[in-house]
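File shown: data.txt. Contents: compact mmCIF, C-alpha atoms.
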```txt
# COMPACT_ATOMS: atom_id res chain seq x y z
CA MET A 1252 -24.56 -46.88 19.16
CA LYS A 1253 -25.16 -43.29 20.20
CA LYS A 1254 -27.70 -44.45 22.77
CA ILE A 1255 -25.27 -46.99 24.19
CA GLY A 1256 -22.55 -44.38 24.37
CA LYS A 1257 -24.88 -41.97 26.15
CA ILE A 1258 -25.87 -44.61 28.71
CA LYS A 1259 -22.22 -45.46 29.31
CA GLU A 1260 -21.36 -41.81 29.77
CA GLU A 1261 -24.18 -41.23 32.27
CA THR A 1262 -23.18 -44.34 34.21
CA GLU A 1263 -19.56 -43.26 34.42
CA GLU A 1264 -20.58 -39.77 35.49
CA SER A 1265 -22.84 -41.00 38.27
CA HIS A 1266 -20.28 -43.46 39.59
CA SER A 1267 -16.91 -41.74 39.59
CA SER A 1268 -13.82 -43.35 41.07
CA LEU A 1269 -13.87 -40.91 43.97
CA LYS A 1270 -17.49 -41.69 44.80
CA LEU A 1271 -16.77 -45.42 44.82
CA ILE A 1272 -13.66 -45.01 46.99
CA LEU A 1273 -15.53 -42.91 49.55
CA THR A 1274 -18.39 -45.40 49.55
CA VAL A 1275 -16.03 -48.32 50.19
CA ILE A 1276 -14.40 -46.44 53.09
CA PHE A 1277 -17.85 -45.65 54.49
CA VAL A 1278 -19.08 -49.25 54.35
CA VAL A 1279 -15.84 -50.74 55.70
CA THR A 1280 -15.81 -48.28 58.60
CA LEU A 1281 -19.34 -49.26 59.57
CA LEU A 1282 -18.50 -52.96 59.36
CA ILE A 1283 -15.44 -52.56 61.57
CA SER A 1284 -17.48 -50.51 64.03
CA ASN A 1285 -20.08 -53.26 64.32
CA VAL A 1286 -17.42 -55.86 65.09
CA ILE A 1287 -15.55 -53.91 67.76
CA THR A 1288 -18.49 -52.09 69.33
CA TRP A 1289 -19.04 -54.87 71.88
CA ARG A 1290 -15.58 -54.22 73.32
CA GLN A 1291 -15.98 -51.53 75.94
CA VAL A 1292 -13.35 -49.30 77.49
CA GLN A 1293 -13.34 -47.93 81.04
CA LEU A 1294 -12.51 -44.22 81.24
CA PRO A 1295 -12.01 -41.97 84.27
CA PHE A 1296 -15.01 -40.85 86.36
CA GLY A 1297 -16.82 -44.13 85.73
CA ILE A 1298 -17.41 -43.39 82.04
CA VAL A 1299 -17.77 -46.42 79.78
CA MET A 1300 -17.62 -46.19 75.98
CA THR A 1301 -17.33 -48.65 73.13
CA TRP A 1302 -14.22 -48.92 70.98
CA ALA A 1303 -16.37 -48.27 67.92
CA ILE A 1304 -16.40 -44.62 68.93
CA ILE A 1305 -12.79 -44.42 67.69
CA VAL A 1306 -13.56 -45.22 64.04
CA PHE A 1307 -17.32 -44.71 63.72
CA PRO A 1308 -17.18 -40.88 63.59
CA ILE A 1309 -15.40 -41.20 60.22
CA THR A 1310 -18.86 -41.94 58.84
CA TYR A 1311 -19.99 -38.48 59.95
CA ILE A 1312 -17.56 -36.86 57.53
CA LEU A 1313 -18.53 -39.13 54.67
CA SER A 1314 -22.26 -38.87 55.34
CA ASP A 1315 -22.03 -35.09 55.07
CA VAL A 1316 -19.94 -35.40 51.90
CA PHE A 1317 -22.52 -37.72 50.32
CA SER A 1318 -25.37 -35.37 51.20
CA GLU A 1319 -23.54 -32.24 50.03
CA VAL A 1320 -21.87 -33.54 46.86
CA TYR A 1321 -23.88 -36.57 45.75
CA TRP A 1322 -27.24 -35.67 47.28
CA TYR A 1323 -29.87 -37.70 49.07
CA LYS A 1324 -30.26 -40.56 46.60
CA TRP A 1325 -26.67 -41.74 46.88
CA SER A 1326 -26.73 -41.38 50.63
CA ARG A 1327 -29.67 -43.80 50.63
CA ILE A 1328 -27.80 -46.20 48.37
CA THR A 1329 -24.83 -46.28 50.76
CA CYS A 1330 -27.27 -47.31 53.49
CA TYR A 1331 -28.48 -50.25 51.41
CA LEU A 1332 -24.92 -51.27 50.53
CA TRP A 1333 -23.88 -51.19 54.16
CA PHE A 1334 -26.85 -53.30 55.25
CA ALA A 1335 -26.21 -55.89 52.53
CA CYS A 1336 -22.52 -56.17 53.48
CA ASN A 1337 -23.37 -56.27 57.17
CA LEU A 1338 -25.90 -59.03 56.63
CA PHE A 1339 -23.38 -61.04 54.61
CA MET A 1340 -20.76 -60.56 57.34
CA SER A 1341 -23.17 -61.68 60.06
CA LEU A 1342 -24.25 -64.75 58.08
CA THR A 1343 -20.59 -65.65 57.55
CA PHE A 1344 -19.89 -65.28 61.27
CA PHE A 1345 -22.93 -67.44 62.03
CA ALA A 1346 -21.58 -70.18 59.78
CA VAL A 1347 -18.11 -69.93 61.32
CA ILE A 1348 -19.21 -70.27 64.92
CA ASN A 1349 -21.57 -73.16 64.14
CA MET A 1350 -19.05 -75.27 62.21
CA LYS A 1351 -17.34 -77.91 64.31
CA ALA A 1352 -13.72 -77.03 65.04
CA PRO A 1353 -10.83 -79.53 65.27
CA GLU A 1354 -10.15 -80.90 68.75
CA TYR A 1355 -6.72 -79.25 68.90
CA PHE A 1356 -8.24 -75.80 68.30
CA GLU A 1357 -8.86 -74.48 71.80
CA ASN A 1358 -10.19 -71.02 70.99
CA ALA A 1359 -13.41 -71.91 69.20
CA GLY A 1360 -15.43 -70.68 72.16
CA ALA A 1361 -13.78 -67.28 71.99
CA TYR A 1362 -14.93 -66.89 68.39
CA SER A 1363 -18.48 -67.65 69.45
CA ILE A 1364 -18.42 -65.10 72.25
CA VAL A 1365 -17.04 -62.34 70.03
CA LEU A 1366 -18.86 -63.03 66.77
CA TRP A 1367 -22.29 -64.10 68.01
CA ASN A 1368 -23.07 -60.61 69.29
CA THR A 1369 -22.78 -59.25 65.75
CA TRP A 1370 -26.41 -60.30 65.18
CA ARG A 1371 -27.63 -58.12 68.03
CA VAL A 1372 -25.41 -55.31 66.85
CA LEU A 1373 -26.63 -55.79 63.27
CA ILE A 1374 -30.27 -55.38 64.22
CA SER A 1375 -29.57 -52.49 66.59
CA SER A 1376 -27.36 -50.64 64.15
CA LEU A 1377 -29.80 -51.20 61.29
CA VAL A 1378 -32.70 -49.66 63.19
CA ALA A 1379 -30.55 -46.78 64.43
CA TYR A 1380 -28.86 -46.20 61.09
CA VAL A 1381 -32.06 -46.12 59.03
CA VAL A 1382 -33.59 -43.60 61.43
CA TRP A 1383 -30.59 -41.34 61.95
CA ASP A 1384 -29.46 -41.36 58.34
CA PHE A 1385 -32.99 -40.43 57.23
CA VAL A 1386 -33.19 -37.64 59.82
CA ASN A 1387 -29.70 -36.39 59.00
CA ASP A 1388 -30.31 -36.30 55.26
CA LYS A 1389 -33.70 -34.65 55.57
CA ILE A 1390 -32.38 -31.89 57.83
CA PHE A 1391 -29.23 -31.49 55.75
CA GLN A 1392 -31.10 -31.30 52.45
CA LYS A 1393 -33.78 -28.95 53.79
CA MET A 1394 -31.10 -26.55 54.98
CA LYS A 1395 -29.21 -26.94 51.72
CA SER A 1396 -32.30 -26.15 49.65
CA LYS A 1397 -32.47 -22.74 51.32
CA HIS A 1398 -28.85 -21.96 50.45
CA PRO A 1399 -28.01 -24.35 47.59
CA ASP A 1400 -25.00 -22.44 46.26
CA ASP A 1401 -23.68 -20.97 49.49
CA ASN A 1402 -20.83 -23.18 50.75
CA LYS A 1403 -20.49 -20.97 53.81
CA TRP A 1404 -23.60 -22.68 55.19
CA PHE A 1405 -22.10 -26.14 54.85
CA GLY A 1406 -20.52 -26.05 58.31
CA ARG A 1407 -23.84 -25.12 59.91
CA ARG A 1408 -25.66 -27.81 57.98
CA ALA A 1409 -23.09 -30.41 59.01
CA ILE A 1410 -23.12 -29.51 62.72
CA ILE A 1411 -26.88 -29.06 63.16
CA SER A 1412 -27.84 -32.18 61.20
CA SER A 1413 -25.16 -34.25 62.93
CA LEU A 1414 -26.20 -33.02 66.37
CA VAL A 1415 -29.70 -34.35 65.74
CA TRP A 1416 -28.72 -37.67 64.20
CA GLU A 1417 -25.97 -38.34 66.75
CA THR A 1418 -28.57 -37.98 69.49
CA VAL A 1419 -30.98 -40.24 67.60
CA ASP A 1420 -28.25 -42.81 66.85
CA SER A 1421 -26.97 -43.12 70.42
CA GLY A 1422 -30.49 -43.00 71.85
CA ILE A 1423 -31.57 -45.96 69.71
CA PHE A 1424 -28.47 -48.09 69.17
CA ILE A 1425 -27.02 -48.23 72.68
CA PRO A 1426 -30.22 -49.39 74.47
CA LEU A 1427 -30.98 -51.98 71.78
CA ALA A 1428 -27.41 -53.31 71.69
CA PHE A 1429 -26.50 -53.25 75.38
CA ILE A 1430 -29.68 -53.45 77.44
CA GLY A 1431 -29.22 -56.27 79.90
CA ALA A 1432 -25.49 -56.43 79.22
CA MET A 1433 -24.58 -53.65 81.64
CA PRO A 1434 -26.07 -51.78 84.60
CA PHE A 1435 -28.83 -49.37 83.57
CA LYS A 1436 -26.98 -46.41 85.10
CA VAL A 1437 -23.89 -47.21 83.04
CA LEU A 1438 -26.03 -47.50 79.91
CA ILE A 1439 -27.56 -44.04 80.43
CA THR A 1440 -24.13 -42.55 81.11
CA MET A 1441 -22.80 -44.14 77.92
CA ILE A 1442 -25.60 -42.62 75.86
CA VAL A 1443 -24.95 -39.12 77.19
CA THR A 1444 -21.15 -39.28 76.97
CA GLN A 1445 -21.18 -40.69 73.45
CA ILE A 1446 -23.51 -37.93 72.25
CA ILE A 1447 -21.18 -35.33 73.73
CA PHE A 1448 -18.09 -37.03 72.31
CA LYS A 1449 -19.62 -37.30 68.84
CA VAL A 1450 -20.66 -33.63 68.78
CA VAL A 1451 -17.23 -32.47 69.92
CA TYR A 1452 -15.60 -34.79 67.38
CA GLU A 1453 -17.79 -33.40 64.61
CA ILE A 1454 -16.81 -29.84 65.50
CA ILE A 1455 -13.10 -30.68 65.67
CA VAL A 1456 -13.02 -32.48 62.32
CA LEU A 1457 -15.27 -29.92 60.59
CA PRO A 1458 -12.29 -28.36 58.74
CA ILE A 1459 -11.45 -31.83 57.39
CA THR A 1460 -15.08 -32.37 56.39
CA ILE A 1461 -15.14 -29.02 54.56
CA PHE A 1462 -11.81 -29.78 52.87
CA VAL A 1463 -12.90 -33.24 51.67
CA THR A 1464 -16.25 -31.87 50.48
CA LYS A 1465 -14.65 -29.05 48.49
CA LYS A 1466 -12.15 -31.40 46.88
CA ALA A 1467 -14.92 -33.84 46.00
CA GLN A 1468 -17.00 -31.06 44.45
CA ILE A 1469 -14.05 -29.82 42.40
CA TYR A 1470 -13.27 -33.33 41.23
CA GLU A 1471 -16.86 -34.16 40.27
CA ASN A 1472 -17.30 -30.81 38.49
CA SER A 1473 -14.10 -31.37 36.53
CA LEU A 1474 -15.46 -34.70 35.30
CA LYS A 1475 -18.61 -33.01 34.03
CA VAL A 1476 -16.58 -30.36 32.19
CA ASN A 1477 -14.30 -32.92 30.54
CA ARG A 1478 -17.14 -35.14 29.29
```

Would you mind writing the file out in structure tokens?
Amino acid sequence: MKKIGKIKEETEESHSSLKLILTVIFVVTLLISNVITWRQVQLPFGIVMTWAIIVFPITYILSDVFSEVYWYKWSRITCYLWFACNLFMSLTFFAVINMKAPEYFENAGAYSIVLWNTWRVLISSLVAYVVWDFVNDKIFQKMKSKHPDDNKWFGRRAIISSLVWETVDSGIFIPLAFIGAMPFKVLITMIVTQIIFKVVYEIIVLPITIFVTKKAQIYENSLKVNR
């Protein structure tokens, strides 16, 4: 009985309610991003960006929180969860667009146009995500190991690691997802502008990232004390 109780306690400690909530938000945000990324928006000066840029940066905050509070192992697990959910979503979409629709339903073709591209996005985002999340975590954890108890370095870790992985992400995902779907010049411009936007976004929301991270650390530490 003592062994069972110990196992239960360790399981509860490693999977707190806060960790699960943040993980769900992270996975859902990535899924939404993959659905809306094919919809592009025309900005001034000939700049084209995807609508995913509006919600996708939320994952930057959570990725840093996972690395800082829950360490590398859980950050890897979130990657596997996201891929599994994304694969399930894409398979569901595939089934939907290949099922025969009633004759009175006139918008079946629209579903095919929108949902079919999720396969290309799935593959592109998987390749990009595995690479940039690995790079981000490695840089983040290496910097953290030098100053493990100094929270003042968190902002630097977050910005430097994100700068690298945002460049890697845009440099891999955009060509794989959109090559042949837009002029090459527009594609290159999109890569550059999205990198700049993501870096600026990361800097602007850094106070929020620090706030969420501190609250998560306090919460997780309080659970350890009360056990």

Can you pull out every residue within 10 Å of Phe1334 in chain A, counting all atoms listed in the file, but drop anything in the same chain fewer than 6 positions away, and send it as a ChimeraX atom specification? /A:1278,1281-1282,1328,1340,1373-1374,1376-1377,1380-1381

Export of the given selection (C-alpha atoms) as a PDB file, in the coordinates of the input:
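The result, stored in out.pdb:
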```pdb
ATOM      1  CA  VAL A1278     -19.080 -49.250  54.350  1.00  0.00           C
ATOM      2  CA  LEU A1281     -19.340 -49.260  59.570  1.00  0.00           C
ATOM      3  CA  LEU A1282     -18.500 -52.960  59.360  1.00  0.00           C
ATOM      4  CA  ILE A1328     -27.800 -46.200  48.370  1.00  0.00           C
ATOM      5  CA  MET A1340     -20.760 -60.560  57.340  1.00  0.00           C
ATOM      6  CA  LEU A1373     -26.630 -55.790  63.270  1.00  0.00           C
ATOM      7  CA  ILE A1374     -30.270 -55.380  64.220  1.00  0.00           C
ATOM      8  CA  SER A1376     -27.360 -50.640  64.150  1.00  0.00           C
ATOM      9  CA  LEU A1377     -29.800 -51.200  61.290  1.00  0.00           C
ATOM     10  CA  TYR A1380     -28.860 -46.200  61.090  1.00  0.00           C
ATOM     11  CA  VAL A1381     -32.060 -46.120  59.030  1.00  0.00           C
TER      12      VAL A1381
END
```

Residues of range 1262-1285 of chain A that approach range 1298-1316 of chain A to 10 Å or less, counting only C-alpha atoms: could you list each one with the shortest pair of atoms and its distance in Å to one decimal, rows by chain and increasing residue number, as a Markdown table?
```
| residue | atom | partner | partner_atom | distance |
| --- | --- | --- | --- | --- |
| A:Lys1270 | CA | A:Val1316 | CA | 9.8 |
| A:Leu1273 | CA | A:Leu1313 | CA | 7.0 |
| A:Thr1274 | CA | A:Leu1313 | CA | 8.1 |
| A:Ile1276 | CA | A:Leu1313 | CA | 8.5 |
| A:Phe1277 | CA | A:Thr1310 | CA | 5.8 |
| A:Val1278 | CA | A:Thr1310 | CA | 8.6 |
| A:Val1279 | CA | A:Thr1310 | CA | 9.8 |
| A:Thr1280 | CA | A:Phe1307 | CA | 6.4 |
| A:Leu1281 | CA | A:Phe1307 | CA | 6.5 |
| A:Leu1282 | CA | A:Phe1307 | CA | 9.4 |
| A:Ile1283 | CA | A:Ala1303 | CA | 7.7 |
| A:Ser1284 | CA | A:Ala1303 | CA | 4.6 |
| A:Asn1285 | CA | A:Ala1303 | CA | 7.2 |
```

Show which residues sit within 12 Å of range 1341-1346 of chain A, as a ChimeraX atom specification. Count all atoms listed in the file, and ignore same-chain residues fewer than 2 positions away. /A:1282,1285-1286,1334-1339,1348-1352,1362-1374

A:Val1292, A:Ala1409, A:Leu1427, A:Ala1379: which is nearest Ser1318 in chain A, counting only C-alpha atoms?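 Going through A:Val1292, A:Ala1409, A:Leu1427, A:Ala1379 one by one, the smallest distance to Ser1318 in chain A is for A:Ala1409.
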
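Going from CA of Ala1432 in chain A to CA of Ser1375 in chain A covers 13.8 Å.
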
Mind pulling up the distance from CA of Phe1424 in chain A to CA of Tyr1321 in chain A?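 Straight-line distance from CA of Tyr1321 in chain A to CA of Phe1424 in chain A works out to 26.5 Å.
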
Just the number, please: distance in Å from CA of Pro1458 in chain A to CA of Lys1475 in chain A, one decimal.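 Calculated distance between CA of Pro1458 in chain A and CA of Lys1475 in chain A is 25.9 Å.
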
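The protein and nucleic acid residues lying at most 8 Å from Thr1464 in chain A are Val1316, Glu1319, Val1320, Thr1460 and Gln1468 of chain A, with all atoms listed in the file considered and sequence neighbours fewer than 4 positions away removed.
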
Near Val1437 in chain A, within 9 Å and counting all atoms listed in the file, which residues show up once chain neighbours fewer than 3 positions away are dropped, as a PyMOL selection string? chain A and resi 1297-1299+1433-1434+1440-1442

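Take the candidates A:Val1386, A:Val1347, A:Leu1294, A:Val1451 and check each one against Ser1326 in chain A using all atoms listed in the file; the shortest distance goes to A:Val1386.
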
Can you list, as a list in words, every protein, DNA or RNA residue that comes within 9 Å of Leu1269 in chain A when you count only C-alpha atoms, leaving out same-chain residues fewer than 3 positions away?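 These residues fall inside the cut-off: His1266, Ile1272, Leu1273, Thr1274, Ala1467, Tyr1470 and Glu1471 of chain A.
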
Pick out the closest residue to Thr1288 in chain A from this set: A:Phe1356, A:Trp1383, A:Trp1322, A:Phe1429. Count only C-alpha atoms.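 For Thr1288 in chain A, the nearest of the candidates is A:Phe1429.
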
I need every residue sitting at most 7 Å from the point (-21.3, -29.1, 57.2) (coordinates as in the file, only C-alpha atoms considered), written as a PDB file with C-alpha atoms, in the frame of the given file.
```pdb
ATOM      1  CA  ASP A1315     -22.030 -35.090  55.070  1.00  0.00           C
ATOM      2  CA  PHE A1405     -22.100 -26.140  54.850  1.00  0.00           C
ATOM      3  CA  GLY A1406     -20.520 -26.050  58.310  1.00  0.00           C
ATOM      4  CA  ARG A1407     -23.840 -25.120  59.910  1.00  0.00           C
ATOM      5  CA  ARG A1408     -25.660 -27.810  57.980  1.00  0.00           C
ATOM      6  CA  ALA A1409     -23.090 -30.410  59.010  1.00  0.00           C
ATOM      7  CA  ILE A1410     -23.120 -29.510  62.720  1.00  0.00           C
ATOM      8  CA  LEU A1457     -15.270 -29.920  60.590  1.00  0.00           C
ATOM      9  CA  ILE A1461     -15.140 -29.020  54.560  1.00  0.00           C
TER      10      ILE A1461
END
```

Let me make sure I understand: among A:Ser1473, A:Phe1462, A:Ser1413, A:Phe1435, which one has the smallest atom-to-atom distance to Phe1385 in chain A if we use all atoms listed in the file? A:Ser1413

Closest of A:Leu1414, A:Ser1421, A:Glu1453, A:Leu1474 to Ser1268 in chain A, counting only C-alpha atoms, is A:Leu1474

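When only C-alpha atoms are used to measure the gap to Ile1411 in chain A, the shortest distance among A:Thr1329, A:Ile1430, A:Val1443, A:Ile1454 belongs to A:Ile1454.
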
All heavy atoms are what I want for range 1410-1421 of chain A; can you complete it accordingly and write them as a short mmCIF file (atom, residue, chain, number, x, y, z; two decimals), keeping the file's coordinate frame?
```cif
data_model
loop_
_atom_site.label_atom_id
_atom_site.label_comp_id
_atom_site.auth_asym_id
_atom_site.auth_seq_id
_atom_site.Cartn_x
_atom_site.Cartn_y
_atom_site.Cartn_z
N ILE A 1410 -23.06 -29.45 61.26
CA ILE A 1410 -23.12 -29.51 62.72
C ILE A 1410 -24.54 -29.73 63.21
O ILE A 1410 -24.80 -30.60 64.05
CB ILE A 1410 -22.54 -28.22 63.34
CG1 ILE A 1410 -21.05 -28.10 63.04
CG2 ILE A 1410 -22.77 -28.21 64.85
CD1 ILE A 1410 -20.21 -29.21 63.59
N ILE A 1411 -25.49 -28.95 62.69
CA ILE A 1411 -26.88 -29.06 63.16
C ILE A 1411 -27.47 -30.42 62.82
O ILE A 1411 -28.09 -31.07 63.68
CB ILE A 1411 -27.74 -27.94 62.54
CG1 ILE A 1411 -27.28 -26.58 63.08
CG2 ILE A 1411 -29.22 -28.16 62.86
CD1 ILE A 1411 -27.99 -25.40 62.46
N SER A 1412 -27.28 -30.88 61.58
CA SER A 1412 -27.84 -32.18 61.20
C SER A 1412 -27.18 -33.30 62.00
O SER A 1412 -27.85 -34.24 62.44
CB SER A 1412 -27.66 -32.42 59.70
OG SER A 1412 -26.28 -32.44 59.35
N SER A 1413 -25.87 -33.21 62.19
CA SER A 1413 -25.16 -34.25 62.93
C SER A 1413 -25.55 -34.27 64.40
O SER A 1413 -25.62 -35.33 65.02
CB SER A 1413 -23.65 -34.06 62.80
OG SER A 1413 -23.24 -34.25 61.46
N LEU A 1414 -25.78 -33.09 64.97
CA LEU A 1414 -26.20 -33.02 66.37
C LEU A 1414 -27.50 -33.79 66.58
O LEU A 1414 -27.64 -34.54 67.55
CB LEU A 1414 -26.39 -31.55 66.79
CG LEU A 1414 -26.96 -31.32 68.19
CD1 LEU A 1414 -26.03 -31.90 69.25
CD2 LEU A 1414 -27.20 -29.83 68.44
N VAL A 1415 -28.42 -33.64 65.64
CA VAL A 1415 -29.70 -34.35 65.74
C VAL A 1415 -29.52 -35.84 65.55
O VAL A 1415 -29.99 -36.66 66.35
CB VAL A 1415 -30.70 -33.79 64.70
CG1 VAL A 1415 -32.00 -34.62 64.73
CG2 VAL A 1415 -31.00 -32.33 64.97
N TRP A 1416 -28.80 -36.23 64.48
CA TRP A 1416 -28.72 -37.67 64.20
C TRP A 1416 -27.80 -38.40 65.15
O TRP A 1416 -27.98 -39.60 65.40
CB TRP A 1416 -28.35 -37.94 62.74
CG TRP A 1416 -26.96 -37.69 62.27
CD1 TRP A 1416 -26.49 -36.57 61.67
CD2 TRP A 1416 -25.86 -38.61 62.29
NE1 TRP A 1416 -25.16 -36.72 61.33
CE2 TRP A 1416 -24.76 -37.97 61.68
CE3 TRP A 1416 -25.70 -39.91 62.74
CZ2 TRP A 1416 -23.51 -38.57 61.54
CZ3 TRP A 1416 -24.45 -40.52 62.59
CH2 TRP A 1416 -23.38 -39.86 62.00
N GLU A 1417 -26.81 -37.69 65.75
CA GLU A 1417 -25.97 -38.34 66.75
C GLU A 1417 -26.78 -38.65 68.00
O GLU A 1417 -26.59 -39.69 68.65
CB GLU A 1417 -24.78 -37.44 67.08
CG GLU A 1417 -23.72 -37.42 65.99
CD GLU A 1417 -22.86 -36.18 66.01
OE1 GLU A 1417 -22.98 -35.40 66.98
OE2 GLU A 1417 -22.08 -35.98 65.06
N THR A 1418 -27.69 -37.75 68.35
CA THR A 1418 -28.57 -37.98 69.49
C THR A 1418 -29.52 -39.15 69.20
O THR A 1418 -29.73 -40.02 70.05
CB THR A 1418 -29.39 -36.71 69.79
OG1 THR A 1418 -28.50 -35.62 70.05
CG2 THR A 1418 -30.28 -36.92 71.00
N VAL A 1419 -30.07 -39.16 67.99
CA VAL A 1419 -30.98 -40.24 67.60
C VAL A 1419 -30.24 -41.58 67.57
O VAL A 1419 -30.73 -42.60 68.07
CB VAL A 1419 -31.61 -39.96 66.22
CG1 VAL A 1419 -32.39 -41.17 65.73
CG2 VAL A 1419 -32.51 -38.74 66.29
N ASP A 1420 -29.03 -41.57 66.99
CA ASP A 1420 -28.25 -42.81 66.85
C ASP A 1420 -27.93 -43.41 68.21
O ASP A 1420 -28.19 -44.59 68.46
CB ASP A 1420 -26.97 -42.51 66.09
CG ASP A 1420 -26.05 -43.72 66.03
OD1 ASP A 1420 -26.51 -44.80 65.60
OD2 ASP A 1420 -24.87 -43.61 66.39
N SER A 1421 -27.34 -42.61 69.10
CA SER A 1421 -26.97 -43.12 70.42
C SER A 1421 -28.20 -43.51 71.23
O SER A 1421 -28.18 -44.50 71.97
CB SER A 1421 -26.15 -42.06 71.17
OG SER A 1421 -24.93 -41.79 70.51
#
```
